[in-house]
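These notes concern the structure reproduced below.
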Amino acid sequence: MADLLLINIKSLEGIDESGRICKKGSAMQDWQTLANAWVWVQTDIIKAYGTMDNLPEITAPYETLDCSGSLVLPSFIDSHTHIVFAASREEEFVMRIEGKTYEEIAAAGGGILNSAAKLSKMSEDHLFDAAWERLQTLIQWGTGAIEIKSGYGLSVADELKMLRVIKRLKAIAPIPVKATFLGAHAVPMAYKNNREGYIKLIIDEMLPAIHAEALADYMDVFCDQGFFTPTETANLLVAASKYGLKPKIHGNELGFTGGVQVAVAHQALSVDHLEYTGEEEIACLLQSDTMPVALPACSFFLGIPYAPVRKMIAAGLPVCLASDYNPGSTPNGRMGFVLSLACIKMKLTPQEAMNAMTINGAFALELSDILGSISINKKANLIITKKVNGLAYLPYSFGENFIAKVLVNGKVISGVQSF
């Protein structure tokens, strides 16, 4: 594959040669740019960059891409998704309009259990085809690495089916894909009166089977009101650790329920949601390397509080943003919309929000060595915008697709033409 030279870039954004693997506190405002720039992509990595007045002679064969008027950014890293699912759940959307709460919908057999019932009837091949189509769309929308969870199976056979789909996606996807086992997403109806029995099923049957086929990178638990307690979560994480699965926790979406504390106690890579986060949770996170991950599109769709990320950053914490793309609470994976919500609803600056979706997202997926910033020798997974005034235009134009092209492994892929 010939090298690629991007020229006349209006602004090269998100440069970082410091070697840091995430940005915390006031450093989240650091966002280095270079005006009137070029980038040399050699095969699939960023080989060099600079200003047009210092463009060197390149002797190797290469193609040229004129980026006049465009920004070039590191691709989004989406560290929390549920894109393997059987069907949409717009009927629950109407129930919420009519006043039903998240808990009431779940108690009536909706929510996660609804998705599980639909998924059990769908073949692995059909699940794969639907998820592959979603993933291709997300790549066109600028996602350059992704995490995908199971959790709509809730039985040995169906959790394995989901994870096998994710493994197949990993094998063909042009971007890095991380797999997370979320069997502890909800207690299935068959175990409604036997929670201990379901937890035992996860520990004694699901985890060994997942390990035997090398199906997961991480273990997640929905540690929250009405789902799994901190004690149950701790027991599940200890069991998963025996198989080398690192924790990534759903926590504090529905209340102050101890999800943050159990995540930190077990050295979780991240704790995600955090809509209910107070001084105690912030103090706990400050004593850890656990990445706080906020999911503003979920808050937007469900009408629940937004994670208090301004308070977290003021305290010196890092913050990551992800889509939470799923059929129930966030039926959209467009990270450009997450960027807008972060600025409009969470009051992050465009620079803070971009750091949360790039370098800090890479940290949350253990991909800091290859993605997350414009850095020499990192993967050339890049976003080329349409002609725009500057970075602030991207969140400002919340209903517009600002992407002209994306690069994945140094190869140009046309962007989505409409939203």
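Within each chain, counting starts at residue 1; across the structure tokens, chains are named A, B, ... in the order shown, with ligands numbered 1 upward in that order.
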
Determine which residues of stretch 297-417 of chain A DSSP labels as strand (DSSP E) from the backbone of this structure, then write them out as a list in words.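 Matching residues for strand (DSSP E) in stretch 297-417 of chain A are Cys320, Leu321, Leu382, Ile383, Ile384, Thr385, Lys386, Lys387, Ile403, Ala404, Lys405, Val406, Leu407, Val408, Lys411, Val412, Ile413 and Ser414 of chain A.
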
Within 12 Å of stretch 237-256 of chain A: each stretch 45-143 of chain A residue with its shortest pair, only C-alpha atoms, as CSV:
```
residue,atom,partner,partner_atom,distance
A:Ser79,CA,A:Lys248,CA,9.9
A:His80,CA,A:Lys248,CA,9.4
A:Thr81,CA,A:His250,CA,11.6
A:Thr101,CA,A:Leu254,CA,10.9
A:Tyr102,CA,A:Leu254,CA,9.0
A:Glu103,CA,A:Leu254,CA,9.1
```

Put those residues in a file: N, CA and C atoms, as a compact mmCIF listing (two decimals), in the first residue's frame.
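Once everything was written out, this is selection-v2.txt:
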```txt
# COMPACT_ATOMS: atom_id res chain seq x y z
N SER A 79 -15.44 3.47 24.32
CA SER A 79 -15.07 2.44 25.29
C SER A 79 -16.25 1.75 25.97
N HIS A 80 -17.48 2.01 25.51
CA HIS A 80 -18.65 1.39 26.16
C HIS A 80 -19.80 1.30 25.16
N THR A 81 -20.02 0.09 24.61
CA THR A 81 -21.16 -0.13 23.71
C THR A 81 -21.78 -1.51 23.93
N THR A 101 -41.07 4.57 34.58
CA THR A 101 -39.66 4.72 34.91
C THR A 101 -38.86 3.53 34.38
N TYR A 102 -37.53 3.70 34.38
CA TYR A 102 -36.61 2.63 33.96
C TYR A 102 -36.89 1.36 34.76
N GLU A 103 -37.04 1.52 36.09
CA GLU A 103 -37.27 0.37 36.97
C GLU A 103 -38.62 -0.28 36.71
```

Do a neighbour search on stretch 305-309 of chain A at 7 Å with only C-alpha atoms, toss out local chain neighbours closer than 2 positions, and write the hits as a ChimeraX atom specification. /A:274-277,294,296,299,303,311-313,319,346

Distance query stretch 178-189 of chain A at most 7 Å, only C-alpha atoms, self and fewer than 3 positions along chain excluded, as JSON, numbers by chain: {"A": [112, 113, 146, 147, 148, 149, 150, 151, 154, 159, 166, 192, 195, 198, 202, 216, 217, 218, 219, 220, 221, 222, 227]}

Of the candidates A:Cys22, A:Met354, A:Met28, A:Cys284, which shows the shortest atom-to-atom distance to A:Val264, using only C-alpha atoms?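 Among the listed residues, A:Cys284 lies closest to A:Val264.
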
If you count only C-alpha atoms, which residues fall within 9 Å of A:Pro395, apart from same-chain ones fewer than 4 positions away, as a list in words?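 Counting only the stated atoms, we get Gly336, Phe337, Val338, Leu339, Ser340, Leu341, Ala342, Cys343, Ile344, Pro350 and Leu391 of chain A.
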
One-decimal distance in Å that lies between atom CA of A:Val293 and atom CA of A:Ile374: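 Rounded to one decimal, the two atoms are 21.9 Å apart.
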
Could you write out, as a ChimeraX atom specification, all the residues of stretch 77-257 of chain A that DSSP marks as helix (DSSP H, G or I)? /A:90-97,102-107,112-120,124-140,156-172,189-191,195-212,230-241

Give the answer as one residue: which of A:Glu90, A:Asp30, A:Glu366, A:Asp53 has the shortest atom-to-atom distance to A:Ser270, using only C-alpha atoms?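 Among A:Glu90, A:Asp30, A:Glu366, A:Asp53, it is A:Glu366 that comes nearest to A:Ser270.
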
Looking at only C-alpha atoms, which of A:Pro327, A:Pro230, A:Gly153, A:Pro176 is the one that sits closest to A:Thr257?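 Of the candidates, the smallest distance to A:Thr257 is held by A:Pro230.
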
Give me, as a PDB file with C-alpha atoms, in the first residue's frame, all polymer residues having an atom no more than 7 Å from A:Ile203, counting only C-alpha atoms and skipping those fewer than 3 positions away in the same chain.
```
ATOM      1  CA  ILE A 199     -24.498 -15.900  40.142  1.00  0.00           C
ATOM      2  CA  LYS A 200     -23.333 -19.497  40.614  1.00  0.00           C
ATOM      3  CA  MET A 206     -20.122 -19.163  31.965  1.00  0.00           C
ATOM      4  CA  LEU A 207     -16.661 -18.036  33.032  1.00  0.00           C
ATOM      5  CA  LEU A 236     -18.133 -12.025  40.540  1.00  0.00           C
ATOM      6  CA  ALA A 239     -14.118 -15.211  40.143  1.00  0.00           C
TER       7      ALA A 239
END
```
